[in-house]
file upload-v5.cif (mmCIF, C-alpha atoms)
data_structure
loop_
_atom_site.label_atom_id
_atom_site.label_comp_id
_atom_site.auth_asym_id
_atom_site.auth_seq_id
_atom_site.Cartn_x
_atom_site.Cartn_y
_atom_site.Cartn_z
CA MET L 2 28.56 -1.63 89.44
CA LEU L 3 24.97 -1.02 88.51
CA SER L 4 23.88 2.42 87.48
CA THR L 5 21.98 4.64 89.86
CA THR L 6 19.62 6.75 87.85
CA GLU L 7 16.71 8.28 89.70
CA ARG L 8 14.40 5.37 89.03
CA THR L 9 16.90 2.63 89.83
CA ARG L 10 17.93 4.22 93.11
CA LEU L 11 14.80 2.85 94.79
CA ASN L 12 14.07 5.70 97.13
CA ARG L 13 12.22 3.31 99.44
CA ALA L 14 13.74 0.31 101.18
CA LYS L 15 17.29 1.24 100.33
CA HIS L 16 18.71 -1.62 102.35
CA LYS L 17 17.31 -4.03 99.78
CA THR L 18 19.07 -2.52 96.80
CA ARG L 19 22.14 -4.27 95.40
CA THR L 20 24.71 -2.62 93.23
CA ASP L 21 26.80 -5.58 92.16
CA ARG L 22 26.55 -6.32 88.46
CA ALA L 23 27.38 -10.01 89.05
CA GLU L 24 24.24 -10.26 91.16
CA LEU L 25 22.18 -8.89 88.27
CA TYR L 26 23.68 -11.47 85.92
CA ASP L 27 23.13 -14.37 88.33
CA LEU L 28 19.51 -13.40 88.85
CA LEU L 29 18.81 -13.00 85.15
CA ASP L 30 20.55 -16.29 84.38
CA GLU L 31 18.41 -18.12 86.95
CA GLY L 32 15.04 -16.81 85.76
CA LEU L 33 12.77 -18.51 83.24
CA VAL L 34 10.48 -15.72 82.07
CA CYS L 35 10.50 -11.96 82.38
CA HIS L 36 7.63 -9.50 82.52
CA MET L 37 8.10 -7.01 79.71
CA GLY L 38 6.40 -3.66 80.19
CA VAL L 39 5.72 -1.41 77.24
CA VAL L 40 3.48 1.57 76.60
CA VAL L 41 0.86 1.07 73.89
CA ASP L 42 -1.37 4.03 73.04
CA GLY L 43 -0.34 5.68 76.29
CA ALA L 44 -1.32 2.72 78.47
CA PRO L 45 0.95 0.15 80.10
CA ARG L 46 1.00 -3.45 78.96
CA VAL L 47 2.86 -6.19 80.84
CA VAL L 48 3.58 -9.38 78.92
CA PRO L 49 5.30 -12.51 80.25
CA THR L 50 7.91 -13.72 77.80
CA GLY L 51 11.19 -15.55 77.45
CA TYR L 52 14.54 -13.81 77.32
CA GLY L 53 18.23 -14.50 77.12
CA ARG L 54 21.36 -12.68 78.20
CA ILE L 55 24.71 -12.26 76.46
CA ASP L 56 27.16 -10.16 78.44
CA ASP L 57 25.52 -6.80 79.03
CA THR L 58 22.60 -7.27 76.66
CA LEU L 59 19.18 -8.82 77.20
CA TYR L 60 17.54 -10.40 74.15
CA LEU L 61 13.79 -10.70 73.60
CA HIS L 62 11.95 -12.11 70.65
CA GLY L 63 8.52 -12.44 69.22
CA SER L 64 6.51 -12.64 66.06
CA THR L 65 6.98 -9.73 63.70
CA GLY L 66 3.21 -9.29 64.08
CA ALA L 67 3.18 -9.00 67.88
CA ARG L 68 1.94 -5.62 69.04
CA SER L 69 4.06 -5.50 72.16
CA LEU L 70 7.28 -5.85 70.17
CA ARG L 71 6.35 -3.16 67.68
CA THR L 72 6.33 -0.58 70.43
CA GLU L 73 8.35 2.57 70.09
CA GLY L 74 10.16 4.02 73.00
CA GLU L 75 11.13 2.71 76.38
CA MET L 76 10.65 -0.67 77.92
CA CYS L 77 10.92 -2.03 81.44
CA VAL L 78 11.82 -5.69 81.80
CA THR L 79 11.40 -7.23 85.24
CA VAL L 80 12.56 -10.67 86.35
CA THR L 81 11.39 -11.88 89.74
CA LEU L 82 12.51 -14.95 91.67
CA LEU L 83 10.46 -15.92 94.71
CA ASP L 84 12.34 -17.41 97.65
CA GLY L 85 9.84 -17.37 100.49
CA ILE L 86 6.83 -15.91 102.20
CA VAL L 87 7.75 -13.83 105.22
CA LEU L 88 5.28 -14.55 108.02
CA ALA L 89 5.62 -11.71 110.48
CA ARG L 90 3.98 -11.12 113.84
CA SER L 91 2.05 -8.20 112.37
CA GLY L 92 0.05 -8.30 109.17
CA PHE L 93 1.80 -5.08 108.17
CA HIS L 94 5.25 -6.69 108.07
CA HIS L 95 4.29 -9.68 105.98
CA SER L 96 6.53 -9.72 102.96
CA VAL L 97 8.15 -11.85 100.29
CA ASN L 98 11.74 -13.01 100.19
CA HIS L 99 12.68 -12.45 96.59
CA ARG L 100 15.26 -11.30 94.13
CA SER L 101 14.08 -9.03 91.35
CA ALA L 102 15.74 -7.12 88.57
CA MET L 103 14.33 -4.20 86.64
CA VAL L 104 15.93 -3.19 83.37
CA PHE L 105 15.03 0.11 81.73
CA GLY L 106 15.84 1.19 78.22
CA THR L 107 14.83 1.62 74.64
CA PRO L 108 15.34 -1.66 72.82
CA ARG L 109 17.17 -1.94 69.56
CA VAL L 110 15.74 -4.09 66.75
CA VAL L 111 18.53 -6.52 65.91
CA THR L 112 19.22 -6.67 62.17
CA ASP L 113 22.66 -8.25 62.04
CA GLU L 114 22.05 -11.90 61.15
CA ARG L 115 24.80 -13.21 63.38
CA GLU L 116 23.54 -11.26 66.37
CA ARG L 117 19.95 -12.37 65.66
CA TRP L 118 21.14 -15.99 65.66
CA ASP L 119 23.10 -15.58 68.87
CA GLY L 120 20.18 -13.78 70.52
CA LEU L 121 17.72 -16.51 69.59
CA ARG L 122 20.16 -19.11 70.81
CA ALA L 123 20.48 -17.31 74.14
CA ILE L 124 16.68 -17.12 74.52
CA THR L 125 16.25 -20.84 73.80
CA GLU L 126 19.12 -21.84 76.07
CA GLN L 127 17.72 -19.70 78.90
CA LEU L 128 14.44 -21.61 78.80
CA ALA L 129 15.95 -24.99 78.04
CA PRO L 130 19.71 -25.41 78.50
CA GLY L 131 21.31 -27.68 75.93
CA ARG L 132 18.34 -27.43 73.63
CA TRP L 133 19.72 -25.25 70.86
CA ASP L 134 22.14 -27.90 69.66
CA ALA L 135 19.65 -30.73 70.20
CA ALA L 136 16.78 -29.18 68.25
CA ARG L 137 16.35 -28.31 64.60
CA GLN L 138 17.71 -24.82 64.24
CA PRO L 139 15.75 -21.96 62.64
CA ASP L 140 15.31 -21.87 58.88
CA ALA L 141 15.07 -18.75 56.73
CA LYS L 142 11.27 -18.59 56.95
CA GLU L 143 11.29 -18.81 60.74
CA LEU L 144 14.01 -16.20 60.99
CA ALA L 145 12.04 -13.86 58.75
CA ALA L 146 8.97 -14.23 60.98
CA THR L 147 10.88 -13.44 64.15
CA ARG L 148 11.74 -10.08 65.57
CA VAL L 149 14.71 -9.96 67.91
CA LEU L 150 15.14 -7.06 70.29
CA ALA L 151 18.23 -6.15 72.26
CA LEU L 152 18.00 -4.24 75.52
CA SER L 153 21.13 -2.92 77.17
CA LEU L 154 21.61 -3.81 80.83
CA GLU L 155 23.16 -0.42 81.44
CA GLU L 156 20.22 0.97 83.41
CA ALA L 157 19.16 -1.76 85.79
CA SER L 158 18.45 -2.32 89.46
CA VAL L 159 18.42 -5.38 91.66
CA LYS L 160 16.30 -5.67 94.75
CA VAL L 161 16.72 -8.49 97.24
CA ARG L 162 14.91 -9.41 100.43
CA THR L 163 16.17 -12.29 102.52
CA GLY L 164 15.91 -13.54 106.05
CA PRO L 165 13.37 -13.55 108.86
CA PRO L 166 10.57 -11.03 109.42
CA GLY L 167 11.43 -7.50 110.50
CA ASP L 168 8.75 -6.84 113.07
CA ASP L 169 8.21 -3.76 115.18
CA GLU L 170 10.28 -3.91 118.36
CA GLU L 171 7.27 -4.16 120.67
CA ASP L 172 5.71 -6.98 118.65
CA TYR L 173 8.49 -9.47 119.44
CA ALA L 174 6.93 -9.99 122.86
CA LEU L 175 3.63 -11.13 121.31
CA PRO L 176 2.86 -14.85 121.52
CA ILE L 177 2.61 -15.12 117.72
CA TRP L 178 4.64 -17.62 115.73
CA ALA L 179 6.73 -16.01 113.00
CA GLY L 180 9.10 -17.28 110.37
CA VAL L 181 9.59 -17.87 106.67
CA GLN L 182 7.83 -20.33 104.40
CA PRO L 183 10.42 -21.11 101.72
CA VAL L 184 9.22 -21.17 98.11
CA ARG L 185 11.05 -22.98 95.32
CA THR L 186 10.62 -23.63 91.64
CA VAL L 187 11.22 -27.29 90.82
CA PHE L 188 11.54 -29.21 87.56
CA ASP L 189 9.75 -32.54 87.53
CA PRO L 190 10.73 -35.54 85.39
CA PRO L 191 10.04 -34.83 81.72
CA VAL L 192 6.96 -36.06 79.93
CA THR L 193 7.78 -37.42 76.47
CA ASP L 194 5.63 -36.13 73.61
CA PRO L 195 3.11 -38.91 72.84
CA ALA L 196 3.60 -38.05 69.17
CA LEU L 197 7.27 -39.06 69.24
CA VAL L 198 7.67 -41.53 66.36
CA HIS L 199 11.15 -42.72 67.30
CA ASP L 200 12.18 -44.78 70.30
CA LEU L 201 14.47 -42.14 71.78
CA PRO L 202 15.61 -41.90 75.40
CA VAL L 203 15.14 -38.65 77.30
CA PRO L 204 18.36 -36.76 76.61
CA GLU L 205 20.85 -36.01 79.33
CA HIS L 206 20.43 -32.22 79.02
CA VAL L 207 16.78 -32.67 79.97
CA LEU L 208 17.34 -35.21 82.76
CA ALA L 209 20.07 -33.02 84.23
CA ARG L 210 17.54 -30.32 84.97
CA VAL L 211 15.17 -32.45 87.04
CA THR L 212 15.13 -31.22 90.65
CA ARG L 213 16.50 -33.85 93.04
CA MET S 3 -17.58 -14.20 80.45
CA LEU S 4 -14.49 -12.07 80.12
CA SER S 5 -14.63 -8.88 78.15
CA THR S 6 -13.18 -8.69 74.67
CA THR S 7 -11.85 -5.22 74.14
CA GLU S 8 -9.30 -4.80 71.40
CA ARG S 9 -6.32 -5.42 73.66
CA THR S 10 -7.77 -8.41 75.48
CA ARG S 11 -8.77 -10.15 72.27
CA LEU S 12 -5.19 -11.30 71.74
CA ASN S 13 -4.99 -11.05 68.02
CA ARG S 14 -2.24 -13.64 67.99
CA ALA S 15 -2.56 -17.22 69.22
CA LYS S 16 -6.32 -17.11 69.57
CA HIS S 17 -6.50 -20.75 70.52
CA LYS S 18 -4.82 -19.94 73.78
CA THR S 19 -7.35 -17.36 74.91
CA ARG S 20 -9.91 -18.30 77.53
CA THR S 21 -13.11 -16.45 78.11
CA ASP S 22 -14.37 -18.11 81.27
CA ARG S 23 -14.40 -15.77 84.24
CA ALA S 24 -14.01 -18.69 86.67
CA GLU S 25 -10.68 -19.46 85.04
CA LEU S 26 -9.54 -15.90 85.67
CA TYR S 27 -10.51 -16.19 89.33
CA ASP S 28 -8.80 -19.57 89.77
CA LEU S 29 -5.60 -18.30 88.23
CA LEU S 30 -5.54 -15.13 90.31
CA ASP S 31 -6.32 -17.09 93.47
CA GLU S 32 -3.41 -19.46 92.83
CA GLY S 33 -0.78 -16.78 92.19
CA LEU S 34 1.53 -15.29 94.81
CA VAL S 35 2.71 -12.05 93.23
CA CYS S 36 1.63 -10.00 90.27
CA HIS S 37 3.63 -7.75 87.99
CA MET S 38 2.08 -4.31 88.08
CA GLY S 39 2.74 -2.11 85.09
CA VAL S 40 2.34 1.65 85.30
CA VAL S 41 3.48 4.60 83.25
CA VAL S 42 5.74 7.05 85.07
CA ASP S 43 6.85 10.16 83.16
CA GLY S 44 5.84 8.46 79.93
CA ALA S 45 7.94 5.34 80.51
CA PRO S 46 6.77 1.90 81.61
CA ARG S 47 7.63 0.52 85.02
CA VAL S 48 6.94 -3.09 86.02
CA VAL S 49 6.94 -3.84 89.74
CA PRO S 50 6.43 -7.24 91.39
CA THR S 51 3.98 -6.93 94.27
CA GLY S 52 1.37 -8.77 96.30
CA TYR S 53 -2.32 -8.60 95.56
CA GLY S 54 -5.64 -9.96 96.68
CA ARG S 55 -8.99 -10.58 95.05
CA ILE S 56 -12.50 -10.03 96.35
CA ASP S 57 -15.17 -10.92 93.82
CA ASP S 58 -14.55 -8.82 90.75
CA THR S 59 -11.96 -6.51 92.27
CA LEU S 60 -8.20 -6.85 92.60
CA TYR S 61 -6.59 -5.08 95.55
CA LEU S 62 -3.03 -3.76 95.64
CA HIS S 63 -1.26 -1.90 98.38
CA GLY S 64 1.89 -0.03 99.13
CA SER S 65 3.42 2.75 101.09
CA THR S 66 1.79 6.13 100.59
CA GLY S 67 5.28 7.24 99.51
CA ALA S 68 5.73 4.62 96.77
CA ARG S 69 6.07 6.21 93.36
CA SER S 70 4.45 3.36 91.48
CA LEU S 71 1.24 3.66 93.49
CA ARG S 72 0.98 7.41 93.05
CA THR S 73 0.61 6.97 89.33
CA GLU S 74 -2.25 8.55 87.50
CA GLY S 75 -4.03 6.75 84.75
CA GLU S 76 -4.12 3.20 83.60
CA MET S 77 -2.46 0.13 84.97
CA CYS S 78 -1.83 -3.36 83.67
CA VAL S 79 -1.55 -6.13 86.23
CA THR S 80 -0.23 -9.48 85.00
CA VAL S 81 -0.17 -12.74 86.95
CA THR S 82 1.76 -15.62 85.42
CA LEU S 83 1.85 -19.24 86.54
CA LEU S 84 4.50 -21.47 84.95
CA ASP S 85 3.55 -25.08 84.34
CA GLY S 86 6.29 -26.40 82.10
CA ILE S 87 8.95 -25.87 79.47
CA VAL S 88 7.87 -27.09 76.05
CA LEU S 89 10.81 -28.85 74.41
CA ALA S 90 9.98 -29.03 70.72
CA ARG S 91 11.81 -30.66 67.83
CA SER S 92 12.57 -27.21 66.41
CA GLY S 93 14.05 -24.33 68.35
CA PHE S 94 11.32 -22.15 66.87
CA HIS S 95 8.51 -24.08 68.59
CA HIS S 96 10.02 -24.09 72.05
CA SER S 97 7.49 -22.55 74.39
CA VAL S 98 6.23 -22.37 77.95
CA ASN S 99 3.17 -24.07 79.34
CA HIS S 100 1.63 -21.37 81.46
CA ARG S 101 -1.48 -19.62 82.60
CA SER S 102 -1.41 -15.86 82.63
CA ALA S 103 -3.93 -13.13 83.30
CA MET S 104 -3.71 -9.51 82.26
CA VAL S 105 -5.97 -6.97 83.90
CA PHE S 106 -6.31 -3.49 82.46
CA GLY S 107 -7.88 -0.49 84.13
CA THR S 108 -7.54 2.72 86.04
CA PRO S 109 -7.27 1.89 89.73
CA ARG S 110 -9.36 3.58 92.37
CA VAL S 111 -7.75 4.74 95.62
CA VAL S 112 -9.79 3.06 98.33
CA THR S 113 -10.88 5.49 101.02
CA ASP S 114 -13.69 3.61 102.73
CA GLU S 115 -12.17 2.23 105.92
CA ARG S 116 -14.08 -1.03 105.78
CA GLU S 117 -13.05 -1.68 102.18
CA ARG S 118 -9.44 -0.77 102.98
CA TRP S 119 -9.49 -3.32 105.82
CA ASP S 120 -11.03 -6.01 103.63
CA GLY S 121 -8.59 -5.27 100.81
CA LEU S 122 -5.56 -5.53 103.10
CA ARG S 123 -6.94 -8.73 104.54
CA ALA S 124 -7.33 -10.17 101.03
CA ILE S 125 -3.75 -9.20 100.12
CA THR S 126 -2.34 -10.81 103.27
CA GLU S 127 -4.43 -13.95 102.87
CA GLN S 128 -3.36 -14.31 99.24
CA LEU S 129 0.28 -14.43 100.28
CA ALA S 130 -0.26 -16.38 103.46
CA PRO S 131 -3.61 -18.08 103.98
CA GLY S 132 -4.81 -18.06 107.57
CA ARG S 133 -2.37 -15.35 108.51
CA TRP S 134 -4.68 -12.37 108.94
CA ASP S 135 -6.36 -13.83 112.02
CA ALA S 136 -3.09 -15.23 113.40
CA ALA S 137 -1.10 -12.00 113.16
CA ARG S 138 -1.45 -8.66 114.89
CA GLN S 139 -3.80 -6.66 112.76
CA PRO S 140 -3.02 -3.16 111.47
CA ASP S 141 -3.15 -0.21 113.84
CA ALA S 142 -4.12 3.34 112.95
CA LYS S 143 -0.56 4.40 112.17
CA GLU S 144 0.01 1.49 109.82
CA LEU S 145 -3.30 2.08 108.10
CA ALA S 146 -2.44 5.74 107.60
CA ALA S 147 0.87 4.79 105.98
CA THR S 148 -0.75 2.37 103.54
CA ARG S 149 -2.35 3.14 100.24
CA VAL S 150 -4.89 0.61 99.01
CA LEU S 151 -5.83 0.51 95.35
CA ALA S 152 -8.78 -1.30 93.79
CA LEU S 153 -8.67 -2.45 90.20
CA SER S 154 -11.80 -3.78 88.55
CA LEU S 155 -11.50 -7.15 86.82
CA GLU S 156 -13.90 -5.99 84.14
CA GLU S 157 -11.26 -5.73 81.40
CA ALA S 158 -9.12 -8.83 81.67
CA SER S 159 -7.79 -11.64 79.55
CA VAL S 160 -6.56 -15.13 80.32
CA LYS S 161 -4.05 -16.96 78.18
CA VAL S 162 -3.29 -20.62 78.66
CA ARG S 163 -0.86 -22.99 76.99
CA THR S 164 -0.92 -26.66 77.87
CA GLY S 165 0.18 -29.94 76.39
CA PRO S 166 2.99 -31.24 74.19
CA PRO S 167 4.94 -29.30 71.59
CA GLY S 168 3.24 -28.20 68.40
CA ASP S 169 5.93 -28.88 65.84
CA ASP S 170 5.81 -28.40 62.10
CA GLU S 171 4.34 -31.43 60.39
CA GLU S 172 7.55 -32.38 58.61
CA ASP S 173 9.60 -32.15 61.82
CA TYR S 174 7.81 -35.08 63.50
CA ALA S 175 9.92 -37.45 61.40
CA LEU S 176 13.16 -36.03 62.82
CA PRO S 177 15.02 -38.22 65.30
CA ILE S 178 14.82 -35.53 67.99
CA TRP S 179 13.38 -36.20 71.44
CA ALA S 180 10.53 -33.83 72.35
CA GLY S 181 8.33 -33.38 75.36
CA VAL S 182 7.53 -31.16 78.30
CA GLN S 183 9.60 -30.47 81.39
CA PRO S 184 7.02 -29.76 84.09
CA VAL S 185 7.67 -26.80 86.38
CA ARG S 186 6.11 -26.41 89.81
CA THR S 187 6.21 -23.96 92.69
CA VAL S 188 6.62 -25.77 96.00
CA PHE S 189 6.45 -24.65 99.61
CA ASP S 190 9.12 -26.14 101.83
CA PRO S 191 8.79 -26.69 105.61
CA PRO S 192 8.75 -23.36 107.43
CA VAL S 193 11.80 -21.88 109.12
CA THR S 194 10.96 -20.43 112.51
CA ASP S 195 12.21 -16.89 113.18
CA PRO S 196 15.34 -17.28 115.39
CA ALA S 197 14.12 -14.20 117.26
CA LEU S 198 10.96 -15.96 118.47
CA VAL S 199 10.92 -15.47 122.25
CA HIS S 200 8.10 -17.92 122.98
CA ASP S 201 8.15 -21.68 122.62
CA LEU S 202 5.41 -21.83 120.01
CA PRO S 203 4.73 -24.67 117.60
CA VAL S 204 4.47 -23.94 113.87
CA PRO S 205 0.76 -23.22 113.40
CA GLU S 206 -1.47 -25.51 111.37
CA HIS S 207 -2.22 -22.85 108.72
CA VAL S 208 1.50 -22.74 107.92
CA LEU S 209 2.10 -26.51 108.01
CA ALA S 210 -0.93 -27.06 105.79
CA ARG S 211 0.76 -25.21 102.96
CA VAL S 212 3.91 -27.33 102.83
CA THR S 213 4.06 -29.21 99.53
CA ARG S 214 3.86 -32.98 100.05
#

call {"tool": "encode", "arguments": {"input": "upload-v5.cif", "output": "structure tokens"}}
result
Amino acid sequence: MLSTTERTRLNRAKHKTRTDRAELYDLLDEGLVCHMGVVVDGAPRVVPTGYGRIDDTLYLHGSTGARSLRTEGEMCVTVTLLDGIVLARSGFHHSVNHRSAMVFGTPRVVTDERERWDGLRAITEQLAPGRWDAARQPDAKELAATRVLALSLEEASVKVRTGPPGDDEEDYALPIWAGVQPVRTVFDPPVTDPALVHDLPVPEHVLARVTR
Amino acid sequence: MLSTTERTRLNRAKHKTRTDRAELYDLLDEGLVCHMGVVVDGAPRVVPTGYGRIDDTLYLHGSTGARSLRTEGEMCVTVTLLDGIVLARSGFHHSVNHRSAMVFGTPRVVTDERERWDGLRAITEQLAPGRWDAARQPDAKELAATRVLALSLEEASVKVRTGPPGDDEEDYALPIWAGVQPVRTVFDPPVTDPALVHDLPVPEHVLARVTR
């Protein structure tokens, strides 16, 4: 079950809130980037970045010089998957079919070398499954230049909207077409780096991701 | 030209920063949702939401009861478009081809009725082009329940990454395939609301958006 603190309870649109932890995991595992919100000098900053999940922990990384990862205090990480544009009879009821997760917490700087490695692996695999084993793995210099943060998934909420428009009762009689325009993220066939010096085929882990 | 305040200067990865205002507009006009960052009780909150642009102003809306729109102070609105996954020879140089905009500022609550109307129109048209004229337009009750915020695009930055991986010089000799896996957002054929009581064809403004 997901927690229900005041800010994850979603006092509006309750019917869209999910409380199943498996749904949180599925959503996070499907996403490609998150939007990481931090407070810098009292002002919000929202940065798109990669992430990875291991069990109940979200991992983030960045250069040790990056301002947004040197933040103290709380963070809000949001992952949003778009599924469709809801075309209602009224402008007011236009909406977006989506699944989104918000994770709140104060991240922990990961210092254990094994956990840093596993976190970086999870982040790479999230973006590009199969890639960690295929690529050259980090050396000591790269590891030293990288900050890894761990954010517990303890305080998180999932919001989902699916299905057709929800118009006002009296609007259903209007002669206005309504429905949903589905939206999808697709992976196109890979483009080989022109600088590749070997005659190597595109690996299976890359081909397997191409949308059919 | 885009402004270059300290936080939009992007002290890291300078080569990715763009300063052309037209590029900001194009990116914002292509996006579907933004991630709006606010500070609530000292903690960041990142909410996915629709938006619209008119000239140098970004419009956001929400229920008058929504916590995130009752915020005082600054806001950061980020729009991210994913173009591809960069599959490098080293795990360290894996990246994402993307275009992202960050807009910083203190939003203004729009009170002028004409501007509120235009802002709501822009938000609806961003999500669903052609829809404002096709749908029933807002009535007085709906307008009263809706808060419209205006955020100036004065302080904004655009970050773009394109092209093949940028591996370390010595890694190009490795027998590791590298390239880019392109990512695209597509619109599938619309699904008519099963509750439609009239025999209406799917309108042209909806069909025109289907990805071919």

call {"tool": "residues_around", "arguments": {"input": "upload-v5.cif", "residues": "stretch 202-204 of chain L", "least_positions_apart": "3", "cutoff": "12 Å", "atoms": "all atoms listed in the file", "output": "ChimeraX atom specification"}}
result
/L:130-132,134-136,190-194,197,199,207-211 /S:89,177-183

call {"tool": "residues_around", "arguments": {"input": "upload-v5.cif", "residues": "stretch 37-53 of chain L", "least_positions_apart": "4", "cutoff": "9 Å", "atoms": "only C-alpha atoms", "output": "ChimeraX atom specification"}}
result
/L:29-30,32-33,58-63,68-70,72-80,120-128 /S:37-41,44-48,75-82,97-98,102,104,106

call {"tool": "resolve_selection", "arguments": {"input": "upload-v5.cif", "expression": "the PyMOL selection byres ((chain L and resi 82) around 6)", "output": "list in words"}}
result
Thr81, Leu83, His99 and Arg100 of chain L

call {"tool": "closest_residue", "arguments": {"input": "upload-v5.cif", "among": "L:Gly66, L:Pro166, L:Gly85, L:Pro108", "to": "L:Thr186", "atoms": "only C-alpha atoms"}}
result
L:Gly85

call {"tool": "atom_distance", "arguments": {"input": "upload-v5.cif", "atom1": "atom CA of L:Thr163", "atom2": "atom CA of S:Glu32"}}
result
23.0 Å
